[in-house]
$ cat entry_11.pdb   # PDB, C-alpha atoms
MODEL        1
ATOM      1  CA  MET A 146    -110.634  72.696  54.201
ATOM      2  CA  LYS A 147    -112.380  75.781  52.778
ATOM      3  CA  ARG A 148    -113.575  73.720  49.825
ATOM      4  CA  ASP A 149    -115.133  71.125  52.182
ATOM      5  CA  ALA A 150    -116.948  73.887  54.079
ATOM      6  CA  GLN A 151    -118.272  75.321  50.807
ATOM      7  CA  ALA A 152    -119.473  71.899  49.655
ATOM      8  CA  LEU A 153    -121.198  71.318  53.001
ATOM      9  CA  ALA A 154    -122.868  74.740  52.869
ATOM     10  CA  HIS A 155    -124.055  74.036  49.300
ATOM     11  CA  TRP A 156    -125.463  70.658  50.355
ATOM     12  CA  ASP A 157    -127.235  72.199  53.359
ATOM     13  CA  LYS A 158    -128.873  74.788  51.069
ATOM     14  CA  MET A 159    -129.993  72.079  48.632
ATOM     15  CA  MET A 160    -131.442  69.998  51.454
ATOM     16  CA  ALA A 161    -133.232  73.000  52.976
ATOM     17  CA  ALA A 162    -134.774  73.823  49.586
ATOM     18  CA  GLN A 163    -135.926  70.239  49.120
ATOM     19  CA  ALA A 164    -137.188  69.637  52.694
ATOM     20  CA  GLY A 165    -140.790  69.152  51.643
ATOM     21  CA  ALA A 166    -140.011  66.994  48.604
ATOM     22  CA  GLY A 167    -137.627  64.512  50.233
ATOM     23  CA  LEU A 168    -134.412  63.010  48.863
ATOM     24  CA  ALA A 169    -136.047  61.454  45.821
ATOM     25  CA  ALA A 170    -136.468  64.960  44.369
ATOM     26  CA  LEU A 171    -132.708  65.574  44.348
ATOM     27  CA  PRO A 172    -130.786  64.530  41.233
ATOM     28  CA  GLY A 173    -128.875  61.297  41.817
ATOM     29  CA  CYS A 174    -130.554  60.567  45.166
ATOM     30  CA  GLY A 175    -132.785  57.688  44.155
ATOM     31  CA  ALA A 176    -132.285  53.969  44.655
ATOM     32  CA  GLU A 177    -129.130  54.009  42.483
ATOM     33  CA  MET A 178    -127.424  56.099  45.172
ATOM     34  CA  ARG A 179    -127.638  53.131  47.559
ATOM     35  CA  VAL A 180    -125.797  50.643  45.338
ATOM     36  CA  PHE A 181    -122.252  51.708  46.231
ATOM     37  CA  PRO A 182    -122.904  51.877  50.008
ATOM     38  CA  ALA A 183    -124.563  48.448  49.817
ATOM     39  CA  ILE A 184    -121.462  47.010  48.138
ATOM     40  CA  VAL A 185    -119.066  48.649  50.618
ATOM     41  CA  PHE A 186    -121.158  47.615  53.634
ATOM     42  CA  GLY A 187    -121.355  44.069  52.251
ATOM     43  CA  ALA A 188    -117.547  43.953  51.991
ATOM     44  CA  MET A 189    -117.181  45.362  55.512
ATOM     45  CA  ARG A 190    -119.730  42.903  56.869
ATOM     46  CA  TRP A 191    -117.724  40.057  55.369
ATOM     47  CA  ALA A 192    -114.495  41.486  56.830
ATOM     48  CA  VAL A 193    -115.961  41.653  60.350
ATOM     49  CA  ARG A 194    -117.681  38.264  60.199
ATOM     50  CA  LYS A 195    -115.613  37.201  63.222
ATOM     51  CA  GLY A 196    -116.050  40.495  65.076
ATOM     52  CA  LEU A 197    -114.278  43.828  65.143
ATOM     53  CA  ARG A 198    -110.663  43.049  65.941
ATOM     54  CA  ASP A 199    -107.606  44.889  67.124
ATOM     55  CA  ASP A 200    -105.077  46.015  64.545
ATOM     56  CA  PRO A 201    -102.167  43.533  64.878
ATOM     57  CA  GLY A 202     -99.676  46.280  64.011
ATOM     58  CA  LEU A 203    -100.813  48.527  66.851
ATOM     59  CA  VAL A 204     -97.830  49.431  69.036
ATOM     60  CA  THR A 205     -98.761  51.060  72.337
ATOM     61  CA  ALA A 206     -97.516  51.692  75.848
ATOM     62  CA  ALA A 207     -98.242  49.148  78.574
ATOM     63  CA  GLY A 208    -101.213  48.942  80.929
ATOM     64  CA  ASN A 209    -104.187  51.305  80.950
ATOM     65  CA  ALA A 210    -102.872  53.397  78.070
ATOM     66  CA  GLN A 211    -102.827  50.289  75.875
ATOM     67  CA  GLN A 212    -106.454  49.488  76.761
ATOM     68  CA  LYS A 213    -107.531  53.068  75.997
ATOM     69  CA  VAL A 214    -105.865  52.908  72.589
ATOM     70  CA  ARG A 215    -107.564  49.563  71.854
ATOM     71  CA  ASN A 216    -110.950  50.953  72.895
ATOM     72  CA  ARG A 217    -110.480  54.045  70.717
ATOM     73  CA  GLU A 218    -109.392  51.891  67.769
ATOM     74  CA  ARG A 219    -112.446  49.663  68.181
ATOM     75  CA  GLY A 220    -114.642  52.783  68.430
ATOM     76  CA  ILE A 221    -113.247  54.056  65.130
ATOM     77  CA  GLN A 222    -113.924  50.662  63.531
ATOM     78  CA  GLY A 223    -117.462  50.737  64.918
ATOM     79  CA  GLU A 224    -118.080  54.270  63.614
ATOM     80  CA  THR A 225    -116.825  53.299  60.153
ATOM     81  CA  TYR A 226    -119.057  50.213  60.155
ATOM     82  CA  ALA A 227    -121.980  52.391  61.321
ATOM     83  CA  TYR A 228    -121.276  54.995  58.620
ATOM     84  CA  TRP A 229    -121.602  52.450  55.818
ATOM     85  CA  TYR A 230    -124.597  50.769  57.461
ATOM     86  CA  LEU A 231    -126.438  54.099  57.575
ATOM     87  CA  ARG A 232    -125.414  54.962  54.005
ATOM     88  CA  ARG A 233    -126.739  51.587  52.871
ATOM     89  CA  ASN A 234    -130.033  52.418  54.594
ATOM     90  CA  GLY A 235    -130.427  55.702  52.735
ATOM     91  CA  TYR A 236    -128.820  58.248  55.052
ATOM     92  CA  VAL A 237    -126.871  61.017  53.314
ATOM     93  CA  MET A 238    -123.968  61.769  55.628
ATOM     94  CA  ILE A 239    -122.692  65.350  55.866
ATOM     95  CA  ALA A 240    -120.337  65.276  58.877
ATOM     96  CA  ARG A 241    -118.311  62.831  60.898
ATOM     97  CA  ASN A 242    -116.834  63.375  64.378
ATOM     98  CA  TYR A 243    -118.177  66.925  64.479
ATOM     99  CA  VAL A 244    -116.715  69.088  67.259
ATOM    100  CA  ALA A 245    -118.126  72.559  67.918
ATOM    101  CA  PRO A 246    -115.568  75.154  68.988
ATOM    102  CA  GLY A 247    -116.030  75.997  72.654
ATOM    103  CA  CYS A 248    -118.285  72.987  73.351
ATOM    104  CA  LYS A 249    -117.288  69.797  75.129
ATOM    105  CA  GLY A 250    -117.744  66.563  73.179
ATOM    106  CA  GLU A 251    -118.501  65.512  69.639
ATOM    107  CA  ILE A 252    -121.248  64.059  67.494
ATOM    108  CA  ASP A 253    -120.176  60.854  65.769
ATOM    109  CA  LEU A 254    -122.229  61.131  62.567
ATOM    110  CA  ILE A 255    -124.580  63.733  61.112
ATOM    111  CA  GLY A 256    -126.699  63.055  58.075
ATOM    112  CA  TYR A 257    -130.072  63.374  56.403
ATOM    113  CA  ASP A 258    -132.615  60.567  56.634
ATOM    114  CA  GLY A 259    -135.045  61.890  54.062
ATOM    115  CA  PRO A 260    -135.786  65.530  54.913
ATOM    116  CA  THR A 261    -134.890  65.029  58.594
ATOM    117  CA  LEU A 262    -131.412  65.840  59.881
ATOM    118  CA  ALA A 263    -130.178  63.018  62.134
ATOM    119  CA  PHE A 264    -127.483  63.399  64.787
ATOM    120  CA  VAL A 265    -126.209  59.859  65.320
ATOM    121  CA  GLU A 266    -124.438  58.620  68.436
ATOM    122  CA  VAL A 267    -122.566  55.359  67.804
ATOM    123  CA  ARG A 268    -121.920  53.092  70.793
ATOM    124  CA  THR A 269    -119.771  49.990  70.439
ATOM    125  CA  ARG A 270    -119.440  47.392  73.198
ATOM    126  CA  THR A 271    -117.293  44.278  73.123
ATOM    127  CA  GLY A 272    -117.739  41.137  75.162
ATOM    128  CA  GLY A 273    -121.378  41.112  76.138
ATOM    129  CA  GLY A 274    -120.930  39.559  79.579
ATOM    130  CA  PRO A 275    -123.923  39.476  81.949
ATOM    131  CA  ASP A 276    -122.574  42.333  84.098
ATOM    132  CA  GLN A 277    -121.653  44.606  81.155
ATOM    133  CA  GLN A 278    -124.086  47.374  80.253
ATOM    134  CA  SER A 279    -125.561  47.427  76.773
ATOM    135  CA  PRO A 280    -124.561  50.117  74.272
ATOM    136  CA  GLU A 281    -127.985  51.706  74.754
ATOM    137  CA  GLU A 282    -127.508  51.944  78.533
ATOM    138  CA  SER A 283    -124.136  53.627  78.082
ATOM    139  CA  VAL A 284    -125.721  56.860  76.802
ATOM    140  CA  THR A 285    -126.045  58.792  80.046
ATOM    141  CA  PRO A 286    -128.207  61.887  80.614
ATOM    142  CA  GLU A 287    -124.993  63.957  80.624
ATOM    143  CA  LYS A 288    -124.003  62.514  77.219
ATOM    144  CA  ARG A 289    -127.468  63.342  75.871
ATOM    145  CA  ARG A 290    -127.189  66.947  77.092
ATOM    146  CA  MET A 291    -123.718  67.269  75.565
ATOM    147  CA  VAL A 292    -124.902  65.923  72.193
ATOM    148  CA  GLY A 293    -127.870  68.306  72.342
ATOM    149  CA  ARG A 294    -125.609  71.323  72.970
ATOM    150  CA  VAL A 295    -123.252  70.392  70.127
ATOM    151  CA  ALA A 296    -126.231  69.763  67.805
ATOM    152  CA  GLN A 297    -127.672  73.207  68.591
ATOM    153  CA  ARG A 298    -124.296  74.728  67.744
ATOM    154  CA  PHE A 299    -124.187  72.784  64.452
ATOM    155  CA  LEU A 300    -127.681  74.016  63.517
ATOM    156  CA  ALA A 301    -126.855  77.627  64.444
ATOM    157  CA  GLU A 302    -123.569  77.645  62.490
ATOM    158  CA  ARG A 303    -125.344  76.500  59.345
ATOM    159  CA  GLY A 304    -128.498  78.582  59.684
ATOM    160  CA  LEU A 305    -130.684  75.499  60.156
ATOM    161  CA  ILE A 306    -132.507  76.578  63.315
ATOM    162  CA  GLY A 307    -136.146  75.494  63.059
ATOM    163  CA  ARG A 308    -135.251  72.580  60.794
ATOM    164  CA  ALA A 309    -136.603  69.071  61.537
ATOM    165  CA  TYR A 310    -133.967  66.986  63.352
ATOM    166  CA  ARG A 311    -133.702  64.050  65.694
ATOM    167  CA  PHE A 312    -131.163  62.115  67.735
ATOM    168  CA  ASP A 313    -130.501  58.527  66.665
ATOM    169  CA  LEU A 314    -128.518  55.859  68.460
ATOM    170  CA  LEU A 315    -126.729  53.076  66.625
ATOM    171  CA  ALA A 316    -125.769  50.331  69.060
ATOM    172  CA  ILE A 317    -123.104  47.828  68.016
ATOM    173  CA  GLU A 318    -122.510  44.711  70.100
ATOM    174  CA  ASN A 319    -119.240  43.074  69.208
ATOM    175  CA  ARG A 320    -118.760  39.496  70.349
ATOM    176  CA  PRO A 321    -115.409  37.960  69.410
ATOM    177  CA  GLY A 322    -115.797  35.266  66.779
ATOM    178  CA  GLN A 323    -119.216  36.553  65.655
ATOM    179  CA  ARG A 324    -120.498  39.206  63.287
ATOM    180  CA  PRO A 325    -121.312  42.467  65.156
ATOM    181  CA  GLU A 326    -124.991  43.028  65.936
ATOM    182  CA  LEU A 327    -126.361  46.453  64.976
ATOM    183  CA  ARG A 328    -129.485  48.103  66.377
ATOM    184  CA  LEU A 329    -130.622  51.473  65.016
ATOM    185  CA  HIS A 330    -132.882  53.496  67.300
ATOM    186  CA  ARG A 331    -134.374  56.434  65.401
ATOM    187  CA  GLY A 332    -135.371  59.266  67.733
ATOM    188  CA  ALA A 333    -133.634  57.508  70.636
ATOM    189  CA  PHE A 334    -133.661  60.592  72.831
ATOM    190  CA  SER A 335    -134.703  64.228  72.738
ATOM    191  CA  ASN A 336    -132.936  67.470  73.440
TER     192      ASN A 336
ENDMDL
END
$ encode --input "entry_11.pdb" --output "structure tokens"
Amino acid sequence: MKRDAQALAHWDKMMAAQAGAGLAALPGCGAEMRVFPAIVFGAMRWAVRKGLRDDPGLVTAAGNAQQKVRNRERGIQGETYAYWYLRRNGYVMIARNYVAPGCKGEIDLIGYDGPTLAFVEVRTRTGGGPDQQSPEESVTPEKRRMVGRVAQRFLAERGLIGRAYRFDLLAIENRPGQRPELRLHRGAFSN
């Protein structure tokens, strides 16, 4: 755990030092860095060609509890799919499911898109019926405030106050029998 924190702190310092030059100035951060994520995302895309599905080995209690577990499982699948999609598109991820002590909520993914730090909210919706709200509509003003508070805590903990950042939204629509549709909204909302 301590080693992970040290690695993250080292990466934050490197990124802060290179803010004006962008990722291309960092060793190993050119186009070759995107090959592995492209391969992994390609494999994942093939695996979900018929939609994100429930784990057949999932054993749960009956009723509402079972539905909550399924929704959480699908959310984890969506976040993993989103992680590799963003990596393939050049994001350098530094945190996943970040929770600030003393703050309610979490930020799904945090990473650099060039010199800009991006706090990414991932929203996965299954079904897509006419009365179901879209993933974009599911981000309420309260959720935006919560993400903003947690992001401020993240920046303060790492000494990154004053650093360029934004809030992105990655919407995933999962229709059974079809490949999930992804929509990335850079700068989807402000703090």
$ residues_around --input "entry_11.pdb" --residues "Val284 of chain A" --least-positions-apart "6" --cutoff "10 Å" --atoms "only C-alpha atoms" --output "list in words"
Glu266, Val267, Arg268, Leu314 and Phe334 of chain A
$ residues_near_point --input "entry_11.pdb" --point "(-129.2, 55.1, 78.7)" --cutoff "12 Å" --atoms "all atoms listed in the file" --output "ChimeraX atom specification"
/A:266,268,278-289,314,316,333-334
$ resolve_selection --input "entry_11.pdb" --expression "the PyMOL selection byres ((chain A and resi 264) around 7)" --output "MDAnalysis selection string"
chainID A and resid 252 254:256 262:263 265:266 311:313
$ resolve_selection --input "entry_11.pdb" --expression "the PyMOL selection byres ((chain A and resi 243) around 8)" --output "CSV table (one decimal) with C-alpha atoms, in the frame of the given file"
chain,number,residue,atom,x,y,z
A,240,ALA,CA,-120.3,65.3,58.9
A,241,ARG,CA,-118.3,62.8,60.9
A,242,ASN,CA,-116.8,63.4,64.4
A,244,VAL,CA,-116.7,69.1,67.3
A,245,ALA,CA,-118.1,72.6,67.9
A,251,GLU,CA,-118.5,65.5,69.6
A,252,ILE,CA,-121.2,64.1,67.5
A,253,ASP,CA,-120.2,60.9,65.8
A,254,LEU,CA,-122.2,61.1,62.6
A,255,ILE,CA,-124.6,63.7,61.1
$ atom_distance --input "entry_11.pdb" --atom1 "atom CA of Gly322 of chain A" --atom2 "atom CA of Phe181 of chain A"
27.1 Å
$ closest_residue --input "entry_11.pdb" --among "A:Gln277, A:Gln212, A:Gln222, A:Asn234" --to "Gly196 of chain A" --atoms "all atoms listed in the file"
A:Gln222
$ residues_around --input "entry_11.pdb" --residues "Arg294 of chain A" --least-positions-apart "2" --cutoff "10 Å" --atoms "only C-alpha atoms" --output "ChimeraX atom specification"
/A:245,248-251,288-292,296-299,336
$ write_last_selection --input "entry_11.pdb" --atoms "C-alpha atoms" --output "mmCIF file, in the frame of the given file"
data_model
loop_
_atom_site.group_PDB
_atom_site.id
_atom_site.type_symbol
_atom_site.label_atom_id
_atom_site.label_comp_id
_atom_site.auth_asym_id
_atom_site.auth_seq_id
_atom_site.Cartn_x
_atom_site.Cartn_y
_atom_site.Cartn_z
ATOM 1 C CA ALA A 245 -118.126 72.559 67.918
ATOM 2 C CA CYS A 248 -118.285 72.987 73.351
ATOM 3 C CA LYS A 249 -117.288 69.797 75.129
ATOM 4 C CA GLY A 250 -117.744 66.563 73.179
ATOM 5 C CA GLU A 251 -118.501 65.512 69.639
ATOM 6 C CA LYS A 288 -124.003 62.514 77.219
ATOM 7 C CA ARG A 289 -127.468 63.342 75.871
ATOM 8 C CA ARG A 290 -127.189 66.947 77.092
ATOM 9 C CA MET A 291 -123.718 67.269 75.565
ATOM 10 C CA VAL A 292 -124.902 65.923 72.193
ATOM 11 C CA ALA A 296 -126.231 69.763 67.805
ATOM 12 C CA GLN A 297 -127.672 73.207 68.591
ATOM 13 C CA ARG A 298 -124.296 74.728 67.744
ATOM 14 C CA PHE A 299 -124.187 72.784 64.452
ATOM 15 C CA ASN A 336 -132.936 67.470 73.440
#
$ atom_distance --input "entry_11.pdb" --atom1 "atom CA of Trp191 of chain A" --atom2 "atom CA of Val214 of chain A"
24.5 Å
$ atom_distance --input "entry_11.pdb" --atom1 "atom CA of Tyr310 of chain A" --atom2 "atom CA of Arg331 of chain A"
10.8 Å
$ closest_residue --input "entry_11.pdb" --among "A:Leu300, A:Asp276, A:Ala309, A:Gly247" --to "Thr261 of chain A" --atoms "only C-alpha atoms"
A:Ala309
$ residues_around --input "entry_11.pdb" --residues "Ala192 of chain A" --least-positions-apart "4" --cutoff "12 Å" --atoms "all atoms listed in the file" --output "PDB file with C-alpha atoms, in the frame of the given file"
ATOM      1  CA  VAL A 185    -119.066  48.649  50.618  1.00  0.00           C
ATOM      2  CA  PHE A 186    -121.158  47.615  53.634  1.00  0.00           C
ATOM      3  CA  GLY A 187    -121.355  44.069  52.251  1.00  0.00           C
ATOM      4  CA  ALA A 188    -117.547  43.953  51.991  1.00  0.00           C
ATOM      5  CA  GLY A 196    -116.050  40.495  65.076  1.00  0.00           C
ATOM      6  CA  LEU A 197    -114.278  43.828  65.143  1.00  0.00           C
ATOM      7  CA  ARG A 198    -110.663  43.049  65.941  1.00  0.00           C
ATOM      8  CA  GLN A 222    -113.924  50.662  63.531  1.00  0.00           C
ATOM      9  CA  TYR A 226    -119.057  50.213  60.155  1.00  0.00           C
ATOM     10  CA  GLY A 322    -115.797  35.266  66.779  1.00  0.00           C
ATOM     11  CA  GLN A 323    -119.216  36.553  65.655  1.00  0.00           C
ATOM     12  CA  ARG A 324    -120.498  39.206  63.287  1.00  0.00           C
ATOM     13  CA  PRO A 325    -121.312  42.467  65.156  1.00  0.00           C
TER      14      PRO A 325
END
$ closest_residue --input "entry_11.pdb" --among "A:Met189, A:Glu326, A:Val295, A:Ser335" --to "Pro246 of chain A" --atoms "only C-alpha atoms"
A:Val295
$ closest_residue --input "entry_11.pdb" --among "A:Arg308, A:Gly220, A:Trp229, A:Arg194" --to "Pro260 of chain A" --atoms "only C-alpha atoms"
A:Arg308
$ closest_residue --input "entry_11.pdb" --among "A:Leu305, A:Ile221, A:Arg232, A:Asn209" --to "Ala183 of chain A" --atoms "only C-alpha atoms"
A:Arg232
$ resolve_selection --input "entry_11.pdb" --expression "the PyMOL selection byres ((chain A and resi 271) around 9)" --output "VMD selection string"
chain A and resid 196 to 197 219 269 to 270 272 to 274 317 to 321
$ decode --input "entry_11.pdb" --residues "segment 215-319 of chain A" --atoms "C-alpha atoms" --output "PDB file, in the first residue's frame"
ATOM      1  CA  ARG A 215     -26.299  -7.543 -10.375  1.00  0.00           C
ATOM      2  CA  ASN A 216     -26.282  -3.766 -10.835  1.00  0.00           C
ATOM      3  CA  ARG A 217     -23.013  -3.429  -8.905  1.00  0.00           C
ATOM      4  CA  GLU A 218     -21.449  -6.262 -10.916  1.00  0.00           C
ATOM      5  CA  ARG A 219     -22.512  -4.624 -14.179  1.00  0.00           C
ATOM      6  CA  GLY A 220     -21.136  -1.290 -12.910  1.00  0.00           C
ATOM      7  CA  ILE A 221     -17.765  -2.915 -12.231  1.00  0.00           C
ATOM      8  CA  GLN A 222     -17.785  -4.424 -15.732  1.00  0.00           C
ATOM      9  CA  GLY A 223     -18.645  -1.015 -17.175  1.00  0.00           C
ATOM     10  CA  GLU A 224     -15.854   0.706 -15.222  1.00  0.00           C
ATOM     11  CA  THR A 225     -13.324  -1.886 -16.398  1.00  0.00           C
ATOM     12  CA  TYR A 226     -14.482  -1.454 -20.000  1.00  0.00           C
ATOM     13  CA  ALA A 227     -14.270   2.341 -19.559  1.00  0.00           C
ATOM     14  CA  TYR A 228     -10.776   2.093 -18.044  1.00  0.00           C
ATOM     15  CA  TRP A 229      -9.380   0.298 -21.089  1.00  0.00           C
ATOM     16  CA  TYR A 230     -11.301   2.533 -23.500  1.00  0.00           C
ATOM     17  CA  LEU A 231      -9.745   5.626 -21.918  1.00  0.00           C
ATOM     18  CA  ARG A 232      -6.281   4.034 -21.846  1.00  0.00           C
ATOM     19  CA  ARG A 233      -6.643   3.218 -25.539  1.00  0.00           C
ATOM     20  CA  ASN A 234      -7.490   6.881 -26.158  1.00  0.00           C
ATOM     21  CA  GLY A 235      -4.338   8.123 -24.452  1.00  0.00           C
ATOM     22  CA  TYR A 236      -5.424   8.702 -20.857  1.00  0.00           C
ATOM     23  CA  VAL A 237      -2.833   7.804 -18.218  1.00  0.00           C
ATOM     24  CA  MET A 238      -4.840   6.483 -15.290  1.00  0.00           C
ATOM     25  CA  ILE A 239      -3.584   7.147 -11.756  1.00  0.00           C
ATOM     26  CA  ALA A 240      -6.526   6.123  -9.539  1.00  0.00           C
ATOM     27  CA  ARG A 241      -9.607   3.965  -9.647  1.00  0.00           C
ATOM     28  CA  ASN A 242     -12.608   4.101  -7.287  1.00  0.00           C
ATOM     29  CA  TYR A 243     -10.990   6.880  -5.266  1.00  0.00           C
ATOM     30  CA  VAL A 244     -12.647   7.550  -1.896  1.00  0.00           C
ATOM     31  CA  ALA A 245     -11.554  10.525   0.209  1.00  0.00           C
ATOM     32  CA  PRO A 246     -11.601   9.939   3.961  1.00  0.00           C
ATOM     33  CA  GLY A 247     -14.447  11.880   5.541  1.00  0.00           C
ATOM     34  CA  CYS A 248     -16.188  12.588   2.210  1.00  0.00           C
ATOM     35  CA  LYS A 249     -19.285  10.862   0.883  1.00  0.00           C
ATOM     36  CA  GLY A 250     -18.941   9.131  -2.487  1.00  0.00           C
ATOM     37  CA  GLU A 251     -16.183   8.145  -4.859  1.00  0.00           C
ATOM     38  CA  ILE A 252     -14.653   9.069  -8.185  1.00  0.00           C
ATOM     39  CA  ASP A 253     -14.645   6.157 -10.618  1.00  0.00           C
ATOM     40  CA  LEU A 254     -11.472   6.964 -12.573  1.00  0.00           C
ATOM     41  CA  ILE A 255      -8.793   9.644 -12.340  1.00  0.00           C
ATOM     42  CA  GLY A 256      -6.185  10.118 -15.014  1.00  0.00           C
ATOM     43  CA  TYR A 257      -4.228  12.527 -17.169  1.00  0.00           C
ATOM     44  CA  ASP A 258      -5.436  13.418 -20.654  1.00  0.00           C
ATOM     45  CA  GLY A 259      -2.323  15.219 -21.810  1.00  0.00           C
ATOM     46  CA  PRO A 260      -1.392  17.777 -19.144  1.00  0.00           C
ATOM     47  CA  THR A 261      -4.980  17.979 -17.843  1.00  0.00           C
ATOM     48  CA  LEU A 262      -6.101  15.881 -14.886  1.00  0.00           C
ATOM     49  CA  ALA A 263      -9.481  14.280 -15.645  1.00  0.00           C
ATOM     50  CA  PHE A 264     -11.934  13.069 -13.006  1.00  0.00           C
ATOM     51  CA  VAL A 265     -14.105  10.556 -14.854  1.00  0.00           C
ATOM     52  CA  GLU A 266     -17.601   9.512 -13.821  1.00  0.00           C
ATOM     53  CA  VAL A 267     -18.668   6.261 -15.501  1.00  0.00           C
ATOM     54  CA  ARG A 268     -22.401   5.638 -15.919  1.00  0.00           C
ATOM     55  CA  THR A 269     -23.671   2.318 -17.235  1.00  0.00           C
ATOM     56  CA  ARG A 270     -27.315   1.730 -18.156  1.00  0.00           C
ATOM     57  CA  THR A 271     -28.840  -1.505 -19.390  1.00  0.00           C
ATOM     58  CA  GLY A 272     -32.008  -1.929 -21.391  1.00  0.00           C
ATOM     59  CA  GLY A 273     -32.538   1.387 -23.100  1.00  0.00           C
ATOM     60  CA  GLY A 274     -36.335   1.400 -22.932  1.00  0.00           C
ATOM     61  CA  PRO A 275     -38.194   4.599 -23.878  1.00  0.00           C
ATOM     62  CA  ASP A 276     -38.968   5.481 -20.242  1.00  0.00           C
ATOM     63  CA  GLN A 277     -35.425   4.823 -18.939  1.00  0.00           C
ATOM     64  CA  GLN A 278     -33.158   7.824 -18.445  1.00  0.00           C
ATOM     65  CA  SER A 279     -29.893   7.959 -20.345  1.00  0.00           C
ATOM     66  CA  PRO A 280     -26.566   7.569 -18.536  1.00  0.00           C
ATOM     67  CA  GLU A 281     -25.958  11.291 -19.045  1.00  0.00           C
ATOM     68  CA  GLU A 282     -29.264  12.211 -17.375  1.00  0.00           C
ATOM     69  CA  SER A 283     -28.440  10.047 -14.368  1.00  0.00           C
ATOM     70  CA  VAL A 284     -25.711  12.438 -13.171  1.00  0.00           C
ATOM     71  CA  THR A 285     -27.710  14.630 -10.813  1.00  0.00           C
ATOM     72  CA  PRO A 286     -26.632  18.025  -9.441  1.00  0.00           C
ATOM     73  CA  GLU A 287     -26.031  16.317  -6.075  1.00  0.00           C
ATOM     74  CA  LYS A 288     -23.735  13.746  -7.742  1.00  0.00           C
ATOM     75  CA  ARG A 289     -21.833  16.568  -9.452  1.00  0.00           C
ATOM     76  CA  ARG A 290     -21.344  18.384  -6.131  1.00  0.00           C
ATOM     77  CA  MET A 291     -20.176  15.169  -4.464  1.00  0.00           C
ATOM     78  CA  VAL A 292     -17.657  14.454  -7.245  1.00  0.00           C
ATOM     79  CA  GLY A 293     -16.445  18.057  -7.000  1.00  0.00           C
ATOM     80  CA  ARG A 294     -15.881  17.771  -3.231  1.00  0.00           C
ATOM     81  CA  VAL A 295     -13.991  14.482  -3.568  1.00  0.00           C
ATOM     82  CA  ALA A 296     -11.914  15.920  -6.446  1.00  0.00           C
ATOM     83  CA  GLN A 297     -10.945  18.949  -4.337  1.00  0.00           C
ATOM     84  CA  ARG A 298      -9.839  16.580  -1.582  1.00  0.00           C
ATOM     85  CA  PHE A 299      -7.782  14.545  -4.082  1.00  0.00           C
ATOM     86  CA  LEU A 300      -6.065  17.708  -5.365  1.00  0.00           C
ATOM     87  CA  ALA A 301      -5.365  18.980  -1.833  1.00  0.00           C
ATOM     88  CA  GLU A 302      -3.934  15.641  -0.640  1.00  0.00           C
ATOM     89  CA  ARG A 303      -1.471  15.581  -3.518  1.00  0.00           C
ATOM     90  CA  GLY A 304      -0.544  19.260  -3.546  1.00  0.00           C
ATOM     91  CA  LEU A 305      -2.124  19.806  -6.969  1.00  0.00           C
ATOM     92  CA  ILE A 306      -4.281  22.821  -6.120  1.00  0.00           C
ATOM     93  CA  GLY A 307      -4.183  25.257  -9.043  1.00  0.00           C
ATOM     94  CA  ARG A 308      -3.548  22.452 -11.523  1.00  0.00           C
ATOM     95  CA  ALA A 309      -5.638  22.197 -14.727  1.00  0.00           C
ATOM     96  CA  TYR A 310      -8.436  19.633 -14.288  1.00  0.00           C
ATOM     97  CA  ARG A 311     -11.853  18.812 -15.641  1.00  0.00           C
ATOM     98  CA  PHE A 312     -14.775  16.470 -15.067  1.00  0.00           C
ATOM     99  CA  ASP A 313     -15.480  13.930 -17.808  1.00  0.00           C
ATOM    100  CA  LEU A 314     -18.456  11.633 -18.185  1.00  0.00           C
ATOM    101  CA  LEU A 315     -18.231   8.285 -19.933  1.00  0.00           C
ATOM    102  CA  ALA A 316     -21.713   7.005 -20.726  1.00  0.00           C
ATOM    103  CA  ILE A 317     -22.153   3.313 -21.519  1.00  0.00           C
ATOM    104  CA  GLU A 318     -25.451   2.052 -22.913  1.00  0.00           C
ATOM    105  CA  ASN A 319     -25.700  -1.695 -22.658  1.00  0.00           C
TER     106      ASN A 319
END
